$ cat upload.txt   # compact mmCIF, C-alpha atoms and all ligand atoms
# COMPACT_ATOMS: atom_id res chain seq x y z
CA MET A 1 180.05 119.20 -79.24
CA LYS A 2 182.14 116.10 -78.84
CA GLY A 3 181.15 112.76 -80.30
CA LYS A 4 180.26 111.37 -76.89
CA ASP A 5 177.77 114.17 -76.11
CA ARG A 6 176.09 113.83 -79.48
CA ASN A 7 174.77 110.49 -78.28
CA LYS A 8 173.36 111.84 -75.02
CA LEU A 9 169.70 112.62 -74.62
CA CYS A 10 168.86 116.08 -75.93
CA TRP A 11 168.51 118.92 -73.40
CA CYS A 12 165.03 119.77 -74.70
CA GLY A 13 163.40 116.71 -73.14
CA SER A 14 162.22 115.17 -76.41
CA GLY A 15 163.71 111.83 -75.39
CA LYS A 16 165.78 111.75 -78.57
CA LYS A 17 169.55 111.75 -78.82
CA PHE A 18 171.08 115.17 -79.24
CA LYS A 19 172.46 114.26 -82.67
CA LYS A 20 168.92 113.45 -83.83
CA CYS A 21 167.31 116.49 -82.22
CA HIS A 22 168.76 119.91 -81.46
CA ILE A 23 172.08 119.48 -83.14
CA ASP A 24 172.36 122.19 -85.78
CA ARG A 25 168.78 123.38 -85.07
CA GLU A 26 169.88 127.00 -85.63
CA ASN A 27 170.71 126.22 -89.25
CA GLN A 28 167.50 124.39 -90.10
CA SER A 29 164.86 126.06 -92.23
CA PRO A 30 162.46 128.07 -90.05
CA ILE A 31 158.81 127.25 -89.57
CA ARG A 32 156.37 128.84 -92.03
CA GLN A 33 152.83 130.16 -91.73
CA SER A 34 151.61 127.06 -93.57
CA ASP A 35 153.08 124.88 -90.81
CA PHE A 36 150.88 126.65 -88.24
CA ILE A 37 147.85 126.10 -90.43
CA GLU A 38 148.73 122.39 -90.73
CA ILE A 39 148.96 122.03 -86.96
CA ASN A 40 145.65 123.81 -86.41
CA LYS A 41 144.09 121.46 -88.94
CA LYS A 42 145.51 118.45 -87.18
CA VAL A 43 143.89 119.61 -83.94
CA LYS A 44 140.46 119.77 -85.60
CA ASN A 45 140.85 116.61 -87.66
CA LYS A 46 141.10 114.12 -84.86
CA LYS A 47 138.15 111.71 -84.92
CA ILE A 48 136.91 109.88 -81.86
CA CYS A 49 133.62 108.94 -80.22
CA MET A 50 133.67 110.20 -76.63
CA ALA A 51 130.64 108.14 -75.52
CA PRO A 52 131.08 106.19 -72.25
CA GLU A 53 133.22 103.04 -72.55
CA GLU A 54 130.21 100.88 -71.61
CA ILE A 55 128.32 101.75 -74.78
CA LYS A 56 131.33 102.22 -77.06
CA CYS A 57 130.93 98.66 -78.39
CA ASP A 58 127.95 99.77 -80.42
CA CYS A 59 129.44 102.89 -81.92
CA SER A 60 128.41 103.43 -85.51
CA LYS A 61 131.25 103.37 -88.01
CA LYS A 62 130.89 107.03 -88.78
CA ILE A 63 132.37 109.77 -86.61
CA ILE A 64 130.49 112.92 -87.49
CA LYS A 65 131.11 116.60 -87.13
CA ALA A 66 128.97 116.95 -84.04
CA HIS A 67 127.71 120.35 -82.93
CA THR A 68 128.93 121.20 -79.45
CA ILE A 69 126.32 123.96 -79.38
CA SER A 70 122.84 123.04 -80.61
CA LYS A 71 122.43 124.15 -84.16
CA ASN A 72 118.71 124.49 -84.59
CA CYS A 73 117.61 126.46 -81.59
CA ASN A 74 120.89 128.05 -80.65
CA LEU A 75 123.24 128.84 -83.47
CA LYS A 76 120.29 129.62 -85.70
CA SER A 77 118.93 132.21 -83.30
CA ILE A 78 121.94 134.47 -83.75
CA ALA A 79 122.76 133.71 -87.39
CA ASP A 80 122.18 136.30 -90.12
CA GLU A 81 119.97 135.74 -93.18
CA LYS A 82 122.82 133.84 -94.85
CA ASN A 83 123.11 131.55 -91.80
CA ASN A 84 126.44 133.04 -90.81
CA LEU A 85 127.81 133.74 -87.36
CA ALA A 86 130.82 135.61 -86.11
CA THR A 87 133.58 134.40 -83.88
CA LEU A 88 137.08 135.48 -82.93
CA LYS A 89 140.13 133.62 -84.09
CA LEU A 90 143.40 133.65 -82.22
CA SER A 91 146.75 132.75 -83.70
CA ASN A 92 147.53 130.98 -80.46
CA LEU A 93 150.19 128.57 -81.63
CA ASN A 94 152.29 131.29 -83.16
CA ILE A 95 155.13 131.64 -80.72
CA GLU A 96 156.39 134.83 -82.41
CA LYS A 97 153.17 136.49 -81.45
CA ALA A 98 152.99 135.04 -77.95
CA GLU A 99 153.27 138.49 -76.36
CA ASN A 100 150.63 140.01 -78.56
CA PRO A 101 148.59 137.33 -80.31
CA ILE A 102 146.70 138.30 -83.41
CA CYS A 103 142.96 138.10 -82.85
CA GLU A 104 140.66 138.53 -85.80
CA LEU A 105 136.95 138.46 -86.54
CA SER A 106 136.00 135.36 -88.43
CA ILE A 107 132.71 134.50 -90.15
CA ILE A 108 131.46 130.94 -90.08
CA GLY A 109 128.31 129.15 -91.28
CA ILE A 110 126.01 127.47 -88.76
CA ASN A 111 126.69 124.05 -90.23
CA LYS A 112 130.36 124.33 -89.35
CA ALA A 113 130.28 126.46 -86.22
CA SER A 114 131.14 124.64 -82.99
CA THR A 115 131.49 121.26 -84.73
CA TYR A 116 134.09 118.74 -83.64
CA GLN A 117 134.47 115.09 -84.58
CA ILE A 118 133.81 113.86 -81.08
CA PHE A 119 130.85 111.48 -81.43
CA CYS A 120 129.75 108.78 -83.81
CA SER A 121 126.49 109.42 -85.65
CA LYS A 122 124.62 107.03 -83.36
CA HIS A 123 125.77 108.38 -80.03
CA ASP A 124 125.52 112.02 -81.02
CA VAL A 125 121.79 111.51 -81.58
CA GLU A 126 121.21 109.09 -78.73
CA LEU A 127 123.05 111.00 -76.01
CA PHE A 128 121.79 114.47 -76.79
CA SER A 129 118.23 113.92 -77.90
CA VAL A 130 117.11 115.26 -74.50
CA LEU A 131 118.58 118.58 -75.59
CA GLU A 132 117.88 118.52 -79.30
CA ASN A 133 114.35 117.11 -79.37
CA LYS A 134 112.89 118.37 -76.15
CA ASN A 135 112.16 121.78 -74.69
CA PHE A 136 114.61 122.81 -72.05
CA GLU A 137 112.82 122.51 -68.71
CA PHE A 138 115.66 122.34 -66.19
CA GLU A 139 115.41 118.59 -65.94
CA ASN A 140 118.53 117.24 -64.25
CA ILE A 141 119.23 115.04 -67.23
CA GLN A 142 119.23 118.08 -69.53
CA ILE A 143 121.62 120.09 -67.38
CA PHE A 144 123.76 116.99 -66.98
CA MET A 145 123.95 116.36 -70.72
CA LEU A 146 124.79 119.99 -71.46
CA ALA A 147 127.71 119.69 -69.06
CA TYR A 148 128.65 116.30 -70.48
CA ARG A 149 128.89 117.64 -74.01
CA ASN A 150 131.03 120.55 -72.80
CA LEU A 151 133.29 118.18 -70.92
CA CYS A 152 133.76 115.85 -73.89
CA TYR A 153 134.59 118.83 -76.08
CA GLU A 154 137.12 120.27 -73.62
CA LEU A 155 138.85 116.94 -73.07
CA TYR A 156 138.94 116.22 -76.80
CA LEU A 157 140.43 119.64 -77.51
CA LYS A 158 143.10 119.44 -74.83
CA GLU A 159 144.10 115.93 -75.91
CA SER A 160 144.31 116.81 -79.55
CA ILE A 161 146.35 119.94 -78.83
CA LEU A 162 148.69 117.77 -76.78
CA ASP A 163 148.98 115.45 -79.79
CA THR A 164 150.67 118.32 -81.64
CA SER A 165 153.42 118.62 -79.05
CA LYS A 166 156.05 117.07 -81.33
CA GLU A 167 155.29 119.49 -84.14
CA ARG A 168 155.27 122.49 -81.81
CA ARG A 169 158.66 121.54 -80.45
CA CYS A 170 160.05 122.25 -83.92
CA PHE A 171 159.01 125.89 -83.83
CA ASP A 172 162.57 126.83 -82.87
CA ARG A 173 164.10 125.71 -86.16
CA GLY A 174 166.52 128.26 -87.55
CA LYS A 175 166.62 130.27 -84.31
CA PRO A 176 169.65 131.07 -82.18
CA ILE A 177 170.21 128.86 -79.13
CA VAL A 178 168.91 131.41 -76.61
CA GLU A 179 165.59 131.49 -78.42
CA GLN A 180 165.53 127.72 -78.72
CA LEU A 181 165.77 127.55 -74.95
CA SER A 182 162.92 129.95 -74.36
CA ILE A 183 160.66 128.36 -76.97
CA GLN A 184 161.22 124.89 -75.54
CA ALA A 185 160.58 126.22 -72.03
CA HIS A 186 157.38 127.90 -73.22
CA PHE A 187 156.03 124.68 -74.71
CA LYS A 188 157.12 122.61 -71.76
CA PHE A 189 155.10 124.87 -69.48
CA TYR A 190 152.19 124.75 -71.93
CA ASP A 191 152.22 120.94 -72.22
CA ASP A 192 152.60 120.44 -68.47
CA ALA A 193 149.49 122.55 -67.93
CA LEU A 194 147.66 120.59 -70.63
CA ASN A 195 148.62 117.31 -69.00
CA VAL A 196 147.30 118.35 -65.61
CA GLY A 197 144.07 119.63 -67.17
CA ILE A 198 143.64 116.39 -69.08
CA ARG A 199 144.24 114.35 -65.93
CA ASP A 200 141.47 116.19 -64.04
CA LEU A 201 139.04 116.17 -66.96
CA LYS A 202 139.56 112.44 -67.48
CA LEU A 203 138.74 111.76 -63.83
CA LEU A 204 135.68 113.94 -64.17
CA LYS A 205 134.63 112.13 -67.32
CA GLU A 206 134.89 108.77 -65.57
CA LYS A 207 132.55 110.14 -62.95
CA PHE A 208 130.14 111.52 -65.54
CA ASP A 209 130.27 108.27 -67.50
CA SER A 210 129.36 106.18 -64.49
CA PHE A 211 126.45 108.48 -63.56
CA LEU A 212 125.32 108.43 -67.17
CA THR A 213 125.51 104.65 -67.39
CA ASN A 214 123.51 104.33 -64.17
CA ARG A 215 121.09 107.09 -65.22
CA GLU A 216 121.77 109.09 -62.05
CA PHE A 217 121.36 112.72 -62.90
CA ASP A 218 120.62 114.37 -59.57
CA CYS A 219 124.30 114.86 -58.84
CA ILE A 220 124.32 118.06 -60.88
CA ARG A 221 124.45 121.52 -59.30
CA TYR A 222 123.33 124.45 -61.37
CA TYR A 223 122.83 128.19 -61.41
CA SER A 224 120.88 129.70 -64.25
CA ILE A 225 120.07 133.26 -65.28
CA GLU A 226 117.12 133.87 -67.56
CA ILE A 227 117.00 137.00 -69.68
CA SER A 228 114.07 138.48 -71.56
CA SER A 229 115.67 138.48 -74.99
CA ILE A 230 117.97 136.22 -76.93
CA SER A 231 121.63 136.52 -76.02
CA GLN A 232 123.71 138.16 -78.75
CA PHE A 233 126.49 135.65 -78.10
CA ILE A 234 126.48 131.99 -77.23
CA GLY A 235 129.17 129.66 -76.13
CA SER A 236 130.01 126.67 -74.04
CA CYS A 237 132.96 125.47 -72.08
CA THR A 238 134.35 123.60 -69.11
CA TRP A 239 136.49 125.87 -66.99
CA PHE A 240 138.60 125.53 -63.87
CA PRO A 241 137.55 128.31 -61.47
CA ILE A 242 140.85 130.17 -61.07
CA VAL A 243 139.34 133.48 -59.96
CA ASP A 244 135.93 134.70 -58.87
CA PHE A 245 134.10 137.80 -60.11
CA ASP A 246 135.94 139.97 -57.55
CA ASN A 247 139.14 138.64 -59.06
CA THR A 248 139.97 136.80 -55.84
CA LYS A 249 142.25 133.86 -56.58
CA LEU A 250 140.58 130.46 -56.35
CA ALA A 251 142.05 127.24 -57.79
CA ASP A 252 145.81 127.40 -58.17
CA LEU A 253 146.36 125.22 -61.22
CA GLU A 254 150.10 125.22 -60.65
CA ASN A 255 149.48 123.15 -57.56
CA ILE A 256 149.43 119.89 -59.46
CA GLU A 257 148.88 117.79 -56.34
CA GLU A 258 145.33 118.97 -56.09
CA ILE A 259 142.48 117.93 -58.34
CA PHE A 260 140.02 120.66 -59.15
CA ASN A 261 136.35 120.53 -59.92
CA PRO A 262 135.61 122.45 -63.11
CA ILE A 263 132.51 124.45 -63.96
CA SER A 264 130.51 123.94 -67.10
CA ALA A 265 128.90 126.94 -68.78
CA SER A 266 126.45 127.22 -71.63
CA ILE A 267 124.23 129.87 -73.09
CA ILE A 268 121.08 128.63 -74.72
CA ASN A 269 118.57 130.66 -76.64
CA ILE A 270 115.00 129.40 -76.49
CA ASP A 271 112.24 131.19 -78.34
CA ASN A 272 112.76 134.81 -77.44
CA LYS A 273 114.57 134.23 -74.21
CA SER A 274 117.96 133.06 -73.16
CA LEU A 275 119.43 131.02 -70.32
CA ILE A 276 122.96 131.31 -69.02
CA ILE A 277 123.65 128.06 -67.21
CA PHE A 278 126.57 127.17 -64.97
CA SER A 279 126.82 123.67 -63.52
CA TRP A 280 129.14 121.15 -61.91
CA LEU A 281 129.08 117.75 -60.23
CA LYS A 282 128.55 117.85 -56.50
CA ASP A 283 130.12 114.44 -55.97
CA PHE A 284 133.43 115.15 -57.62
CA TYR A 285 136.36 116.84 -55.88
CA ASN A 286 135.91 119.84 -53.60
CA GLU A 287 133.22 122.11 -54.96
CA GLN A 288 134.07 125.15 -52.81
CA TYR A 289 135.72 127.05 -55.68
CA CYS A 290 132.69 126.46 -57.90
CA MET A 291 130.47 127.75 -55.10
CA LYS A 292 132.69 130.78 -54.48
CA PHE A 293 132.75 131.61 -58.18
CA ILE A 294 128.98 131.43 -58.53
CA SER A 295 128.32 133.16 -55.23
CA SER A 296 130.45 136.12 -56.36
CA LEU A 297 128.38 136.31 -59.54
CA ASN A 298 125.17 136.05 -57.58
CA LYS A 299 126.18 139.06 -55.46
CA ILE A 300 126.69 141.37 -58.42
CA PRO A 301 123.71 143.70 -58.87
CA ASN A 302 121.51 142.59 -61.77
CA ASP A 303 122.27 145.63 -63.93
CA GLU A 304 125.96 144.67 -63.91
CA LYS A 305 125.59 140.89 -63.99
CA SER A 306 125.25 140.77 -67.75
CA GLY A 307 128.49 142.72 -68.17
CA ALA A 308 130.26 140.35 -65.79
CA ILE A 309 128.98 137.41 -67.83
CA LEU A 310 130.09 139.00 -71.08
CA HIS A 311 133.54 139.68 -69.60
CA TRP A 312 133.85 136.12 -68.33
CA PHE A 313 132.65 134.46 -71.54
CA PHE A 314 134.97 136.45 -73.77
CA SER A 315 137.86 135.79 -71.38
CA SER A 316 137.39 132.06 -70.87
CA VAL A 317 135.36 130.52 -73.66
CA GLU A 318 136.94 129.63 -76.94
CA ASN A 319 133.84 127.91 -78.29
CA LEU A 320 132.11 131.27 -78.68
CA TYR A 321 129.89 132.69 -81.41
CA PHE A 322 128.03 135.96 -81.76
CA GLN A 323 125.66 137.94 -83.91
CA LEU A 324 127.47 139.79 -86.65
CA SER A 325 125.03 142.71 -86.54
CA TRP A 326 125.56 143.10 -82.79
CA TRP A 327 129.32 143.12 -83.24
CA ASN A 328 129.15 145.62 -86.08
CA ASN A 329 127.11 147.98 -83.96
CA LEU A 330 129.66 148.03 -81.12
CA LYS A 331 131.99 151.03 -80.93
CA SER A 332 135.54 150.20 -81.83
CA GLU A 333 136.58 150.87 -78.24
CA GLU A 334 134.07 148.24 -77.12
CA LYS A 335 135.28 145.72 -79.69
CA ASN A 336 138.82 146.23 -78.45
CA ILE A 337 137.77 145.57 -74.87
CA LEU A 338 136.25 142.23 -75.92
CA ILE A 339 139.20 141.31 -78.12
CA ASN A 340 141.55 141.92 -75.22
CA PHE A 341 139.42 139.70 -73.01
CA TYR A 342 139.59 136.98 -75.64
CA LYS A 343 143.39 137.14 -75.72
CA GLN A 344 143.66 136.75 -71.95
CA PRO A 345 144.11 132.97 -71.68
CA MET A 346 147.09 133.24 -74.04
CA LEU A 347 148.82 135.83 -71.93
CA ASP A 348 149.04 134.02 -68.60
CA ARG A 349 147.53 136.92 -66.75
CA PHE A 350 143.90 136.04 -66.43
CA LYS A 351 141.78 138.46 -64.51
CA LEU A 352 138.20 139.55 -64.14
CA ASP A 353 138.10 143.32 -63.84
CA LYS A 354 135.04 144.70 -62.06
CA SER A 355 135.50 148.13 -63.55
CA PHE A 356 134.33 146.72 -66.89
CA TYR A 357 131.07 145.20 -65.71
CA LYS A 358 128.96 148.31 -66.18
CA LYS A 359 130.49 149.17 -69.53
CA CYS A 360 130.00 145.61 -70.74
CA SER A 361 126.38 145.57 -69.58
CA HIS A 362 125.73 148.49 -71.92
CA MET A 363 126.96 146.42 -74.83
CA LEU A 364 124.19 143.89 -74.18
CA ASN A 365 121.16 145.64 -72.75
CA TRP A 366 119.88 142.49 -71.12
CA ASN A 367 116.96 142.40 -68.78
CA ILE A 368 117.32 139.65 -66.19
CA LEU A 369 113.97 137.99 -65.53
CA ASN A 370 114.76 135.20 -63.20
CA ILE A 371 117.53 133.31 -61.43
CA LYS A 372 117.08 129.63 -60.79
CA HIS A 373 119.45 127.34 -58.92
CA ASN A 374 119.72 124.36 -56.60
CA LEU A 375 122.54 125.77 -54.45
CA ASN A 376 122.82 126.61 -50.81
CA PHE A 377 124.58 129.97 -50.46
CA ILE A 378 124.47 130.07 -46.67
CA ASN A 379 128.20 129.62 -46.12
CA TYR A 380 129.24 131.66 -49.14
ZN ZN B 401 166.09 118.54 -78.68
ZN ZN B 402 129.86 106.16 -80.53
ZN ZN B 403 136.93 126.20 -72.49
$ encode --input "upload.txt" --output "structure tokens"
Amino acid sequence: MKGKDRNKLCWCGSGKKFKKCHIDRENQSPIRQSDFIEINKKVKNKKICMAPEEIKCDCSKKIIKAHTISKNCNLKSIADEKNNLATLKLSNLNIEKAENPICELSIIGINKASTYQIFCSKHDVELFSVLENKNFEFENIQIFMLAYRNLCYELYLKESILDTSKERRCFDRGKPIVEQLSIQAHFKFYDDALNVGIRDLKLLKEKFDSFLTNREFDCIRYYSIEISSISQFIGSCTWFPIVDFDNTKLADLENIEEIFNPISASIINIDNKSLIIFSWLKDFYNEQYCMKFISSLNKIPNDEKSGAILHWFFSSVENLYFQLSWWNNLKSEEKNILINFYKQPMLDRFKLDKSFYKKCSHMLNWNILNIKHNLNFINY
């Protein structure tokens, strides 16, 4: 390339001059496994208190590793005698494996599981004492705070993954130009999607923060399924309803003009029972996709509902833990089904496949006792 072009902005969109960016990229030393590990660490090492702005002035100095799933009642209920849980780990930043990501079983202690440095020691206790120190009784404030914790976690995670954008853009070092182009395009698509998600979650958090500051908790919609045993897996997340349980398309996230209302989901084990709770804010953007999603779940016969829930959780929830003994007792064919669900978000072809609901129900053997909600299904 001529001297003049070397000073132009690089084609990759980094904002740097070509001579300081992609010039000679094909001859640079390629990325190593240890670089991926570094980036994953960076994602988890970000420290911030996500408490509402209004109370941020009295944050304690110490940002702690806060559990995003309650440790004592929840994680403990599915831990083994050594206090270990199982989870699945995806090598999701590894561009080489983008077509077929590696997904492995990983064992983690309850002290570490689901922890992120998203609250200071003061606010972690203050905000969530209604969940940690009180029985769960479907009080609006409890459902609200469950959703709030999930939202903070999801926003934190998306923002800290976005923070690694610069590092990820170097994954094409040592590759031929054609591959450089496709890797940069892949990460551009990925970051654009992150940015839109972050935009919507930030708006939602503003809304949550103002309700929280004003102690208005009746704005929460919920749908809860109670089962007669503890759930073998638990997890939590905030999820944009892109399909319903019939796999009908709902929110089109590529339509960036529109702001979508995400659903919060949590599984909580209490005594010898379990609750699967979905919720969202009624006073945020259009809730019709949330309603359609839940209504499609509500219509599934009870003996297949548990399978549908298992399918959905493994397909959409990264913050997911399960009983090691349960996993070990699954047939390898069943494990593979769940592993393939878990890989779905990486593969850009998310779907909920009805034909698995029965099969998945057999993996759980749940008995649904009761369904509780504050929704009006008349138009759905
Ligand atoms: Zn460049
Ligand atoms: Zn704080
Ligand atoms: Zn999630």
$ residues_around --input "upload.txt" --residues "segment 292-302 of chain A" --least-positions-apart "5" --cutoff "7 Å" --atoms "only C-alpha atoms" --output "PyMOL selection string"
chain A and resi 241+244-246+368+377+380
$ write_last_selection --input "upload.txt" --atoms "C-alpha atoms" --output "PDB file, keeping the file's coordinate frame"
ATOM      1  CA  PRO A 241     137.550 128.310 -61.470  1.00  0.00           C
ATOM      2  CA  ASP A 244     135.930 134.700 -58.870  1.00  0.00           C
ATOM      3  CA  PHE A 245     134.100 137.800 -60.110  1.00  0.00           C
ATOM      4  CA  ASP A 246     135.940 139.970 -57.550  1.00  0.00           C
ATOM      5  CA  ILE A 368     117.320 139.650 -66.190  1.00  0.00           C
ATOM      6  CA  PHE A 377     124.580 129.970 -50.460  1.00  0.00           C
ATOM      7  CA  TYR A 380     129.240 131.660 -49.140  1.00  0.00           C
TER       8      TYR A 380
END
$ residues_near_ligand --input "upload.txt" --ligand "ligand ZN 402 (chain B)" --cutoff "9 Å" --atoms "only C-alpha atoms and all ligand atoms" --output "mmCIF file with C-alpha atoms, in the frame of the given file"
data_model
loop_
_atom_site.group_PDB
_atom_site.id
_atom_site.type_symbol
_atom_site.label_atom_id
_atom_site.label_comp_id
_atom_site.auth_asym_id
_atom_site.auth_seq_id
_atom_site.Cartn_x
_atom_site.Cartn_y
_atom_site.Cartn_z
ATOM 1 C CA ILE A 48 136.910 109.880 -81.860
ATOM 2 C CA CYS A 49 133.620 108.940 -80.220
ATOM 3 C CA MET A 50 133.670 110.200 -76.630
ATOM 4 C CA ALA A 51 130.640 108.140 -75.520
ATOM 5 C CA PRO A 52 131.080 106.190 -72.250
ATOM 6 C CA ILE A 55 128.320 101.750 -74.780
ATOM 7 C CA LYS A 56 131.330 102.220 -77.060
ATOM 8 C CA CYS A 57 130.930 98.660 -78.390
ATOM 9 C CA ASP A 58 127.950 99.770 -80.420
ATOM 10 C CA CYS A 59 129.440 102.890 -81.920
ATOM 11 C CA SER A 60 128.410 103.430 -85.510
ATOM 12 C CA LYS A 61 131.250 103.370 -88.010
ATOM 13 C CA LYS A 62 130.890 107.030 -88.780
ATOM 14 C CA ILE A 63 132.370 109.770 -86.610
ATOM 15 C CA ILE A 118 133.810 113.860 -81.080
ATOM 16 C CA PHE A 119 130.850 111.480 -81.430
ATOM 17 C CA CYS A 120 129.750 108.780 -83.810
ATOM 18 C CA SER A 121 126.490 109.420 -85.650
ATOM 19 C CA LYS A 122 124.620 107.030 -83.360
ATOM 20 C CA HIS A 123 125.770 108.380 -80.030
ATOM 21 C CA ASP A 124 125.520 112.020 -81.020
#
$ residues_around --input "upload.txt" --residues "Val196 of chain A" --least-positions-apart "5" --cutoff "9 Å" --atoms "only C-alpha atoms" --output "list of chain:residue names"
A:Asp191, A:Leu201, A:Leu253, A:Glu254, A:Ile256, A:Ile259
$ residues_near_point --input "upload.txt" --point "(131.0, 126.0, -80.0)" --cutoff "7 Å" --atoms "only C-alpha atoms" --output "tab-separated table (two decimals) with C-alpha atoms, keeping the file's coordinate frame"
chain	number	residue	atom	x	y	z
A	68	THR	CA	128.93	121.20	-79.45
A	69	ILE	CA	126.32	123.96	-79.38
A	113	ALA	CA	130.28	126.46	-86.22
A	114	SER	CA	131.14	124.64	-82.99
A	115	THR	CA	131.49	121.26	-84.73
A	235	GLY	CA	129.17	129.66	-76.13
A	236	SER	CA	130.01	126.67	-74.04
A	319	ASN	CA	133.84	127.91	-78.29
A	320	LEU	CA	132.11	131.27	-78.68
A	321	TYR	CA	129.89	132.69	-81.41
$ residues_near_ligand --input "upload.txt" --ligand "ligand ZN 401 (chain B)" --cutoff "10 Å" --atoms "all atoms listed in the file" --output "PyMOL selection string"
chain A and resi 9-23+25+169-170+172+180-181+184
$ closest_residue --input "upload.txt" --among "A:Asp271, A:Glu167, A:Glu334, A:Glu318" --to "Glu38 of chain A" --atoms "all atoms listed in the file"
A:Glu167
$ residues_near_ligand --input "upload.txt" --ligand "ligand ZN 403 (chain B)" --cutoff "12 Å" --atoms "only C-alpha atoms and all ligand atoms" --output "MDAnalysis selection string"
chainID A and resid 68 147 149:158 197 201 235:241 262:266 312:320 342 345
$ write_last_selection --input "upload.txt" --atoms "C-alpha atoms" --output "tab-separated table (two decimals), keeping the file's coordinate frame"
chain	number	residue	atom	x	y	z
A	68	THR	CA	128.93	121.20	-79.45
A	147	ALA	CA	127.71	119.69	-69.06
A	149	ARG	CA	128.89	117.64	-74.01
A	150	ASN	CA	131.03	120.55	-72.80
A	151	LEU	CA	133.29	118.18	-70.92
A	152	CYS	CA	133.76	115.85	-73.89
A	153	TYR	CA	134.59	118.83	-76.08
A	154	GLU	CA	137.12	120.27	-73.62
A	155	LEU	CA	138.85	116.94	-73.07
A	156	TYR	CA	138.94	116.22	-76.80
A	157	LEU	CA	140.43	119.64	-77.51
A	158	LYS	CA	143.10	119.44	-74.83
A	197	GLY	CA	144.07	119.63	-67.17
A	201	LEU	CA	139.04	116.17	-66.96
A	235	GLY	CA	129.17	129.66	-76.13
A	236	SER	CA	130.01	126.67	-74.04
A	237	CYS	CA	132.96	125.47	-72.08
A	238	THR	CA	134.35	123.60	-69.11
A	239	TRP	CA	136.49	125.87	-66.99
A	240	PHE	CA	138.60	125.53	-63.87
A	241	PRO	CA	137.55	128.31	-61.47
A	262	PRO	CA	135.61	122.45	-63.11
A	263	ILE	CA	132.51	124.45	-63.96
A	264	SER	CA	130.51	123.94	-67.10
A	265	ALA	CA	128.90	126.94	-68.78
A	266	SER	CA	126.45	127.22	-71.63
A	312	TRP	CA	133.85	136.12	-68.33
A	313	PHE	CA	132.65	134.46	-71.54
A	314	PHE	CA	134.97	136.45	-73.77
A	315	SER	CA	137.86	135.79	-71.38
A	316	SER	CA	137.39	132.06	-70.87
A	317	VAL	CA	135.36	130.52	-73.66
A	318	GLU	CA	136.94	129.63	-76.94
A	319	ASN	CA	133.84	127.91	-78.29
A	320	LEU	CA	132.11	131.27	-78.68
A	342	TYR	CA	139.59	136.98	-75.64
A	345	PRO	CA	144.11	132.97	-71.68
$ closest_residue --input "upload.txt" --among "A:Val178, A:Leu352, A:Met291, A:Ile39" --to "Thr248 of chain A" --atoms "only C-alpha atoms"
A:Leu352
$ closest_atom_pairs --input "upload.txt" --of "segment 231-307 of chain A" --to "segment 361-365 of chain A" --cutoff "10 Å" --atoms "all atoms listed in the file" --output "JSON lines"
{"residue": "A:Ser231", "atom": "CA", "partner": "A:Leu364", "partner_atom": "CA", "distance": 8.0}
{"residue": "A:Gln232", "atom": "CA", "partner": "A:Leu364", "partner_atom": "CA", "distance": 7.3}
{"residue": "A:Phe233", "atom": "CA", "partner": "A:Leu364", "partner_atom": "CA", "distance": 9.4}
{"residue": "A:Asn302", "atom": "CA", "partner": "A:Ser361", "partner_atom": "CA", "distance": 9.7}
{"residue": "A:Asp303", "atom": "CA", "partner": "A:Ser361", "partner_atom": "CA", "distance": 7.0}
{"residue": "A:Glu304", "atom": "CA", "partner": "A:Ser361", "partner_atom": "CA", "distance": 5.8}
{"residue": "A:Lys305", "atom": "CA", "partner": "A:Ser361", "partner_atom": "CA", "distance": 7.3}
{"residue": "A:Ser306", "atom": "CA", "partner": "A:Ser361", "partner_atom": "CA", "distance": 5.3}
{"residue": "A:Gly307", "atom": "CA", "partner": "A:Ser361", "partner_atom": "CA", "distance": 3.8}
$ atom_distance --input "upload.txt" --atom1 "atom CA of Asp24 of chain A" --atom2 "atom CA of Asn7 of chain A"
14.1 Å
$ closest_residue --input "upload.txt" --among "A:Asp353, A:Asp5, A:Glu126, A:Glu54" --to "Asn214 of chain A" --atoms "all atoms listed in the file"
A:Glu54
$ atom_distance --input "upload.txt" --atom1 "atom CA of Ser106 of chain A" --atom2 "atom CA of Ala66 of chain A"
20.2 Å
$ atom_distance --input "upload.txt" --atom1 "atom CA of Ala193 of chain A" --atom2 "atom CA of Ser165 of chain A"
12.4 Å
$ residues_around --input "upload.txt" --residues "segment 83-92 of chain A" --least-positions-apart "4" --cutoff "10 Å" --atoms "all atoms listed in the file" --output "number ranges by chain"
A: 36-37, 40, 75-79, 96-98, 100-113, 233, 314, 318-327, 338-339, 342-343, 345-347
$ residues_around --input "upload.txt" --residues "Asn367 of chain A" --least-positions-apart "2" --cutoff "7 Å" --atoms "all atoms listed in the file" --output "list in words"
Ile227, Ser228, Asn365 and Leu369 of chain A
$ closest_residue --input "upload.txt" --among "A:Ile183, A:Tyr285, A:Pro176, A:Ile143" --to "Leu203 of chain A" --atoms "all atoms listed in the file"
A:Tyr285
$ closest_residue --input "upload.txt" --among "A:Cys219, A:Ala251, A:Cys73, A:Cys290" --to "Ile267 of chain A" --atoms "all atoms listed in the file"
A:Cys73
$ closest_residue --input "upload.txt" --among "A:Asn340, A:Ser224, A:Asn376, A:Gln288" --to "Ser274 of chain A" --atoms "all atoms listed in the file"
A:Ser224
